[in-house]
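Here's protein.cif, which has mmCIF, N, CA and C atoms:
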data_structure
#
loop_
_atom_site.label_atom_id
_atom_site.label_comp_id
_atom_site.auth_asym_id
_atom_site.auth_seq_id
_atom_site.Cartn_x
_atom_site.Cartn_y
_atom_site.Cartn_z
N MET A 1 1.99 5.71 23.90
CA MET A 1 2.03 6.93 23.13
C MET A 1 0.71 7.15 22.38
N PHE A 2 0.16 6.10 21.80
CA PHE A 2 -1.08 6.24 21.03
C PHE A 2 -2.24 6.73 21.89
N PRO A 3 -2.44 6.19 23.10
CA PRO A 3 -3.53 6.71 23.94
C PRO A 3 -3.38 8.21 24.23
N ASN A 4 -2.15 8.67 24.42
CA ASN A 4 -1.93 10.09 24.66
C ASN A 4 -2.29 10.92 23.43
N TYR A 5 -1.97 10.42 22.24
CA TYR A 5 -2.34 11.11 20.99
C TYR A 5 -3.86 11.29 20.92
N VAL A 6 -4.58 10.21 21.15
CA VAL A 6 -6.05 10.27 21.09
C VAL A 6 -6.58 11.25 22.12
N LYS A 7 -6.03 11.21 23.33
CA LYS A 7 -6.45 12.14 24.38
C LYS A 7 -6.20 13.59 23.97
N GLU A 8 -4.98 13.89 23.52
CA GLU A 8 -4.63 15.27 23.17
C GLU A 8 -5.41 15.78 21.96
N ILE A 9 -5.56 14.95 20.95
CA ILE A 9 -6.19 15.39 19.71
C ILE A 9 -7.71 15.45 19.82
N PHE A 10 -8.33 14.43 20.38
CA PHE A 10 -9.79 14.35 20.35
C PHE A 10 -10.48 14.74 21.66
N LEU A 11 -9.85 14.51 22.79
CA LEU A 11 -10.52 14.78 24.06
C LEU A 11 -10.17 16.15 24.65
N ASP A 12 -8.92 16.56 24.51
CA ASP A 12 -8.47 17.81 25.12
C ASP A 12 -8.42 18.98 24.14
N SER A 13 -9.00 18.82 22.98
CA SER A 13 -9.01 19.92 22.00
C SER A 13 -10.35 19.91 21.26
N ASP A 14 -10.50 20.83 20.35
CA ASP A 14 -11.74 20.93 19.57
C ASP A 14 -11.66 20.18 18.25
N THR A 15 -10.68 19.32 18.09
CA THR A 15 -10.51 18.59 16.84
C THR A 15 -11.66 17.61 16.64
N LYS A 16 -12.28 17.66 15.48
CA LYS A 16 -13.37 16.75 15.16
C LYS A 16 -12.93 15.64 14.21
N VAL A 17 -11.99 15.97 13.33
CA VAL A 17 -11.51 15.02 12.32
C VAL A 17 -10.01 15.22 12.16
N SER A 18 -9.29 14.13 11.94
CA SER A 18 -7.85 14.23 11.70
C SER A 18 -7.46 13.35 10.51
N CYS A 19 -6.27 13.59 10.01
CA CYS A 19 -5.75 12.81 8.89
C CYS A 19 -4.30 12.44 9.17
N ILE A 20 -4.00 11.16 9.07
CA ILE A 20 -2.63 10.70 9.24
C ILE A 20 -1.98 10.66 7.86
N SER A 21 -0.83 11.24 7.74
CA SER A 21 -0.10 11.25 6.47
C SER A 21 1.33 10.80 6.74
N GLY A 22 2.19 11.00 5.79
CA GLY A 22 3.58 10.61 5.94
C GLY A 22 4.40 11.25 4.84
N SER A 23 5.56 10.74 4.64
CA SER A 23 6.40 11.24 3.56
C SER A 23 7.09 10.06 2.89
N TYR A 24 7.45 10.26 1.66
CA TYR A 24 8.05 9.22 0.84
C TYR A 24 9.55 9.17 1.05
N SER A 25 10.09 7.98 1.03
CA SER A 25 11.53 7.78 1.00
C SER A 25 11.81 6.66 -0.01
N GLU A 26 12.88 6.79 -0.76
CA GLU A 26 13.21 5.73 -1.72
C GLU A 26 13.44 4.40 -1.02
N ASP A 27 13.96 4.45 0.19
CA ASP A 27 14.16 3.25 0.99
C ASP A 27 13.04 3.21 2.03
N GLU A 28 12.13 2.24 1.91
CA GLU A 28 10.94 2.20 2.77
C GLU A 28 11.25 2.14 4.26
N LYS A 29 12.44 1.68 4.63
CA LYS A 29 12.76 1.62 6.06
C LYS A 29 12.88 3.02 6.68
N PHE A 30 12.97 4.06 5.84
CA PHE A 30 13.06 5.42 6.34
C PHE A 30 11.72 6.15 6.33
N ASN A 31 10.65 5.50 5.92
CA ASN A 31 9.32 6.11 5.98
C ASN A 31 8.94 6.31 7.44
N PHE A 32 8.26 7.43 7.74
CA PHE A 32 7.83 7.67 9.11
C PHE A 32 6.83 6.60 9.54
N LEU A 33 5.81 6.39 8.74
CA LEU A 33 4.81 5.37 8.98
C LEU A 33 4.51 4.68 7.66
N THR A 34 4.30 3.39 7.72
CA THR A 34 3.91 2.67 6.50
C THR A 34 2.43 2.92 6.24
N ASN A 35 1.99 2.63 5.03
CA ASN A 35 0.57 2.75 4.73
C ASN A 35 -0.25 1.84 5.64
N ASP A 36 0.27 0.66 5.95
CA ASP A 36 -0.43 -0.27 6.84
C ASP A 36 -0.55 0.29 8.26
N GLN A 37 0.51 0.91 8.75
CA GLN A 37 0.47 1.50 10.10
C GLN A 37 -0.55 2.63 10.16
N LYS A 38 -0.58 3.46 9.12
CA LYS A 38 -1.55 4.56 9.09
C LYS A 38 -2.98 4.03 9.03
N ARG A 39 -3.21 3.02 8.21
CA ARG A 39 -4.54 2.42 8.10
C ARG A 39 -4.97 1.80 9.42
N ASP A 40 -4.06 1.08 10.08
CA ASP A 40 -4.39 0.44 11.35
C ASP A 40 -4.75 1.46 12.43
N ALA A 41 -3.99 2.55 12.49
CA ALA A 41 -4.29 3.61 13.47
C ALA A 41 -5.65 4.23 13.18
N ARG A 42 -5.90 4.50 11.90
CA ARG A 42 -7.20 5.08 11.50
C ARG A 42 -8.33 4.15 11.91
N ASP A 43 -8.19 2.88 11.60
CA ASP A 43 -9.25 1.92 11.92
C ASP A 43 -9.49 1.80 13.42
N LYS A 44 -8.40 1.85 14.21
CA LYS A 44 -8.52 1.74 15.66
C LYS A 44 -9.29 2.94 16.23
N VAL A 45 -8.93 4.15 15.81
CA VAL A 45 -9.61 5.35 16.30
C VAL A 45 -11.07 5.33 15.89
N ASN A 46 -11.34 5.02 14.62
CA ASN A 46 -12.72 5.03 14.13
C ASN A 46 -13.57 3.97 14.81
N LYS A 47 -12.99 2.82 15.09
CA LYS A 47 -13.73 1.76 15.78
C LYS A 47 -14.10 2.21 17.20
N GLU A 48 -13.14 2.79 17.91
CA GLU A 48 -13.41 3.25 19.27
C GLU A 48 -14.40 4.40 19.29
N ALA A 49 -14.33 5.27 18.27
CA ALA A 49 -15.23 6.42 18.22
C ALA A 49 -16.62 6.03 17.73
N GLY A 50 -16.71 4.95 16.98
CA GLY A 50 -17.99 4.54 16.41
C GLY A 50 -18.40 5.40 15.22
N THR A 51 -17.48 6.17 14.70
CA THR A 51 -17.72 7.04 13.56
C THR A 51 -16.39 7.35 12.88
N ARG A 52 -16.45 8.00 11.72
CA ARG A 52 -15.21 8.37 11.03
C ARG A 52 -14.64 9.66 11.61
N ARG A 53 -13.68 9.52 12.48
CA ARG A 53 -13.01 10.68 13.08
C ARG A 53 -11.62 10.86 12.50
N MET A 54 -11.08 9.79 11.90
CA MET A 54 -9.72 9.85 11.38
C MET A 54 -9.68 9.29 9.97
N TYR A 55 -8.91 9.94 9.14
CA TYR A 55 -8.65 9.48 7.78
C TYR A 55 -7.16 9.23 7.66
N SER A 56 -6.77 8.46 6.66
CA SER A 56 -5.34 8.23 6.46
C SER A 56 -4.99 8.46 4.99
N HIS A 57 -3.81 8.95 4.80
CA HIS A 57 -3.30 9.29 3.48
C HIS A 57 -2.25 8.25 3.09
N ALA A 58 -2.52 7.48 2.06
CA ALA A 58 -1.55 6.48 1.60
C ALA A 58 -0.60 7.11 0.59
N ILE A 59 0.64 6.67 0.61
CA ILE A 59 1.66 7.22 -0.28
C ILE A 59 2.07 6.16 -1.29
N PHE A 60 2.04 6.55 -2.56
CA PHE A 60 2.44 5.68 -3.66
C PHE A 60 3.45 6.41 -4.52
N THR A 61 4.31 5.67 -5.16
CA THR A 61 5.33 6.27 -6.00
C THR A 61 5.23 5.69 -7.40
N PRO A 62 4.57 6.40 -8.31
CA PRO A 62 4.44 5.91 -9.68
C PRO A 62 5.81 5.67 -10.33
N GLY A 63 5.89 4.61 -11.10
CA GLY A 63 7.10 4.33 -11.85
C GLY A 63 8.14 3.52 -11.11
N ARG A 64 7.90 3.21 -9.85
CA ARG A 64 8.88 2.39 -9.12
C ARG A 64 8.90 1.00 -9.71
N PRO A 65 10.03 0.34 -9.68
CA PRO A 65 10.17 -0.98 -10.31
C PRO A 65 9.48 -2.12 -9.56
N ASP A 66 8.89 -1.85 -8.42
CA ASP A 66 8.31 -2.93 -7.60
C ASP A 66 6.79 -3.08 -7.79
N ASN A 67 6.32 -2.97 -9.04
CA ASN A 67 4.92 -3.18 -9.38
C ASN A 67 4.01 -2.24 -8.58
N TRP A 68 4.28 -0.96 -8.65
CA TRP A 68 3.58 0.05 -7.86
C TRP A 68 2.08 0.10 -8.14
N LEU A 69 1.68 -0.18 -9.38
CA LEU A 69 0.26 -0.10 -9.71
C LEU A 69 -0.54 -1.18 -8.98
N ALA A 70 0.02 -2.37 -8.85
CA ALA A 70 -0.65 -3.43 -8.09
C ALA A 70 -0.78 -3.03 -6.62
N LYS A 71 0.22 -2.32 -6.10
CA LYS A 71 0.18 -1.86 -4.71
C LYS A 71 -0.93 -0.83 -4.52
N VAL A 72 -1.14 0.04 -5.50
CA VAL A 72 -2.24 1.01 -5.43
C VAL A 72 -3.57 0.27 -5.34
N GLU A 73 -3.76 -0.72 -6.18
CA GLU A 73 -5.01 -1.50 -6.15
C GLU A 73 -5.19 -2.17 -4.78
N GLU A 74 -4.13 -2.73 -4.25
CA GLU A 74 -4.19 -3.41 -2.95
C GLU A 74 -4.56 -2.43 -1.82
N GLU A 75 -3.90 -1.28 -1.80
CA GLU A 75 -4.11 -0.31 -0.74
C GLU A 75 -5.49 0.34 -0.80
N THR A 76 -6.02 0.55 -1.98
CA THR A 76 -7.32 1.22 -2.08
C THR A 76 -8.47 0.29 -1.69
N ARG A 77 -8.23 -0.98 -1.65
CA ARG A 77 -9.27 -1.92 -1.20
C ARG A 77 -9.32 -2.02 0.32
N ALA A 78 -8.31 -1.56 1.00
CA ALA A 78 -8.22 -1.72 2.47
C ALA A 78 -9.14 -0.76 3.19
#

Before anything else, please render the file you have as structure tokens.
Amino acid sequence: MFPNYVKEIFLDSDTKVSCISGSYSEDEKFNFLTNDQKRDARDKVNKEAGTRRMYSHAIFTPGRPDNWLAKVEEETRA
């Protein structure tokens, strides 16, 4: 599926840059993509392209009881 996405978005269209995002769910198992999955896809596309063609949007939920601020620090270093 991923190779087809790259083909459709970057090779068969005029798209120069893309951004992977997602949506929040209180239960993380219902998230479409995790922040790690989005980052990995971004890194794979950018590595193959040799330039920044894809960006990723990380989702954080302020005030969650699971030390959300530490997670922000961790994700922004990636």

List the residues matched by the PyMOL selection byres ((chain A and resi 37-40) around 7) in the displayed structure as an mmCIF file with N, CA and C atoms, keeping the file's coordinate frame, ordered by chain and then by residue number.
data_model
loop_
_atom_site.group_PDB
_atom_site.id
_atom_site.type_symbol
_atom_site.label_atom_id
_atom_site.label_comp_id
_atom_site.auth_asym_id
_atom_site.auth_seq_id
_atom_site.Cartn_x
_atom_site.Cartn_y
_atom_site.Cartn_z
ATOM 1 N N ILE A 20 -4.000 11.160 9.070
ATOM 2 C CA ILE A 20 -2.630 10.700 9.240
ATOM 3 C C ILE A 20 -1.980 10.660 7.860
ATOM 4 N N SER A 21 -0.830 11.240 7.740
ATOM 5 C CA SER A 21 -0.100 11.250 6.470
ATOM 6 C C SER A 21 1.330 10.800 6.740
ATOM 7 N N LEU A 33 5.810 6.390 8.740
ATOM 8 C CA LEU A 33 4.810 5.370 8.980
ATOM 9 C C LEU A 33 4.510 4.680 7.660
ATOM 10 N N THR A 34 4.300 3.390 7.720
ATOM 11 C CA THR A 34 3.910 2.670 6.500
ATOM 12 C C THR A 34 2.430 2.920 6.240
ATOM 13 N N ASN A 35 1.990 2.630 5.030
ATOM 14 C CA ASN A 35 0.570 2.750 4.730
ATOM 15 C C ASN A 35 -0.250 1.840 5.640
ATOM 16 N N ASP A 36 0.270 0.660 5.950
ATOM 17 C CA ASP A 36 -0.430 -0.270 6.840
ATOM 18 C C ASP A 36 -0.550 0.290 8.260
ATOM 19 N N ALA A 41 -3.990 2.550 12.490
ATOM 20 C CA ALA A 41 -4.290 3.610 13.470
ATOM 21 C C ALA A 41 -5.650 4.230 13.180
ATOM 22 N N ARG A 42 -5.900 4.500 11.900
ATOM 23 C CA ARG A 42 -7.200 5.080 11.500
ATOM 24 C C ARG A 42 -8.330 4.150 11.910
ATOM 25 N N ASP A 43 -8.190 2.880 11.600
ATOM 26 C CA ASP A 43 -9.250 1.920 11.920
ATOM 27 C C ASP A 43 -9.490 1.800 13.420
ATOM 28 N N LYS A 44 -8.400 1.850 14.210
ATOM 29 C CA LYS A 44 -8.520 1.740 15.660
ATOM 30 C C LYS A 44 -9.290 2.940 16.230
ATOM 31 N N VAL A 45 -8.930 4.150 15.810
ATOM 32 C CA VAL A 45 -9.610 5.350 16.300
ATOM 33 C C VAL A 45 -11.070 5.330 15.890
ATOM 34 N N TYR A 55 -8.910 9.940 9.140
ATOM 35 C CA TYR A 55 -8.650 9.480 7.780
ATOM 36 C C TYR A 55 -7.160 9.230 7.660
ATOM 37 N N SER A 56 -6.770 8.460 6.660
ATOM 38 C CA SER A 56 -5.340 8.230 6.460
ATOM 39 C C SER A 56 -4.990 8.460 4.990
ATOM 40 N N HIS A 57 -3.810 8.950 4.800
ATOM 41 C CA HIS A 57 -3.300 9.290 3.480
ATOM 42 C C HIS A 57 -2.250 8.250 3.090
#

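Between Thr15 (chain A) and the residues A:Thr61, A:Arg53, A:Phe32, A:Pro3, the shortest atom-to-atom distance, using all atoms listed in the file, involves A:Arg53.
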
Could you jot down the atom C of Cys19 (chain A) to atom N of Met54 (chain A) separation for me, Å, one decimal place? 7.8 Å

Atom-to-atom span, atom N of Asn4 (chain A) and CA of Phe60 (chain A), Å: 28.6 Å

Members of chain A assigned helix (DSSP H, G or I) by DSSP, as number ranges by chain: A: 2-11, 28-30, 35-49, 68-77

Atomic distance atom N of Lys16 (chain A) - atom C of Val72 (chain A), expressed in Å with one decimal: 28.5 Å

Completion step: region 34-45 of chain A with all heavy atoms as a compact mmCIF listing (two decimals), keeping the file's coordinate frame:
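Result file follows (selection-v7.txt):
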# COMPACT_ATOMS: atom_id res chain seq x y z
N THR A 34 4.30 3.39 7.72
CA THR A 34 3.91 2.67 6.50
C THR A 34 2.43 2.92 6.24
O THR A 34 1.69 3.35 7.15
CB THR A 34 4.15 1.16 6.64
OG1 THR A 34 3.27 0.65 7.65
CG2 THR A 34 5.60 0.85 6.99
N ASN A 35 1.99 2.63 5.03
CA ASN A 35 0.57 2.75 4.73
C ASN A 35 -0.25 1.84 5.64
O ASN A 35 -1.33 2.21 6.09
CB ASN A 35 0.30 2.42 3.27
CG ASN A 35 0.81 3.50 2.34
OD1 ASN A 35 1.01 4.64 2.73
ND2 ASN A 35 1.03 3.13 1.08
N ASP A 36 0.27 0.66 5.95
CA ASP A 36 -0.43 -0.27 6.84
C ASP A 36 -0.55 0.29 8.26
O ASP A 36 -1.60 0.17 8.89
CB ASP A 36 0.28 -1.62 6.88
CG ASP A 36 0.16 -2.40 5.59
OD1 ASP A 36 -0.76 -2.11 4.80
OD2 ASP A 36 0.99 -3.30 5.37
N GLN A 37 0.51 0.91 8.75
CA GLN A 37 0.47 1.50 10.10
C GLN A 37 -0.55 2.63 10.16
O GLN A 37 -1.28 2.76 11.15
CB GLN A 37 1.85 2.02 10.50
CG GLN A 37 2.85 0.93 10.78
CD GLN A 37 4.25 1.49 10.95
OE1 GLN A 37 4.68 2.40 10.24
NE2 GLN A 37 4.98 0.94 11.92
N LYS A 38 -0.58 3.46 9.12
CA LYS A 38 -1.55 4.56 9.09
C LYS A 38 -2.98 4.03 9.03
O LYS A 38 -3.86 4.51 9.74
CB LYS A 38 -1.26 5.48 7.91
CG LYS A 38 0.03 6.27 8.09
CD LYS A 38 0.30 7.17 6.93
CE LYS A 38 0.88 6.37 5.79
NZ LYS A 38 1.39 7.19 4.69
N ARG A 39 -3.21 3.02 8.21
CA ARG A 39 -4.54 2.42 8.10
C ARG A 39 -4.97 1.80 9.42
O ARG A 39 -6.11 1.98 9.87
CB ARG A 39 -4.56 1.37 6.99
CG ARG A 39 -5.95 0.75 6.78
CD ARG A 39 -5.92 -0.57 6.04
NE ARG A 39 -5.19 -1.56 6.82
CZ ARG A 39 -4.14 -2.24 6.36
NH1 ARG A 39 -3.68 -2.06 5.14
NH2 ARG A 39 -3.54 -3.12 7.12
N ASP A 40 -4.06 1.08 10.08
CA ASP A 40 -4.39 0.44 11.35
C ASP A 40 -4.75 1.46 12.43
O ASP A 40 -5.70 1.26 13.20
CB ASP A 40 -3.24 -0.45 11.82
CG ASP A 40 -3.03 -1.67 10.93
OD1 ASP A 40 -3.92 -1.99 10.11
OD2 ASP A 40 -1.96 -2.30 11.05
N ALA A 41 -3.99 2.55 12.49
CA ALA A 41 -4.29 3.61 13.47
C ALA A 41 -5.65 4.23 13.18
O ALA A 41 -6.45 4.46 14.09
CB ALA A 41 -3.19 4.67 13.45
N ARG A 42 -5.90 4.50 11.90
CA ARG A 42 -7.20 5.08 11.50
C ARG A 42 -8.33 4.15 11.91
O ARG A 42 -9.32 4.58 12.51
CB ARG A 42 -7.22 5.28 9.98
CG ARG A 42 -8.54 5.78 9.43
CD ARG A 42 -8.67 5.50 7.96
NE ARG A 42 -8.80 4.06 7.73
CZ ARG A 42 -8.51 3.48 6.57
NH1 ARG A 42 -8.06 4.17 5.55
NH2 ARG A 42 -8.68 2.17 6.43
N ASP A 43 -8.19 2.88 11.60
CA ASP A 43 -9.25 1.92 11.92
C ASP A 43 -9.49 1.80 13.42
O ASP A 43 -10.62 1.69 13.88
CB ASP A 43 -8.92 0.54 11.33
CG ASP A 43 -8.99 0.51 9.82
OD1 ASP A 43 -9.52 1.48 9.20
OD2 ASP A 43 -8.51 -0.48 9.23
N LYS A 44 -8.40 1.85 14.21
CA LYS A 44 -8.52 1.74 15.66
C LYS A 44 -9.29 2.94 16.23
O LYS A 44 -10.20 2.77 17.05
CB LYS A 44 -7.13 1.66 16.29
CG LYS A 44 -7.14 1.47 17.78
CD LYS A 44 -5.72 1.30 18.31
CE LYS A 44 -5.72 1.10 19.81
NZ LYS A 44 -4.38 0.89 20.32
N VAL A 45 -8.93 4.15 15.81
CA VAL A 45 -9.61 5.35 16.30
C VAL A 45 -11.07 5.33 15.89
O VAL A 45 -11.97 5.59 16.69
CB VAL A 45 -8.92 6.63 15.80
CG1 VAL A 45 -9.78 7.86 16.03
CG2 VAL A 45 -7.56 6.79 16.47
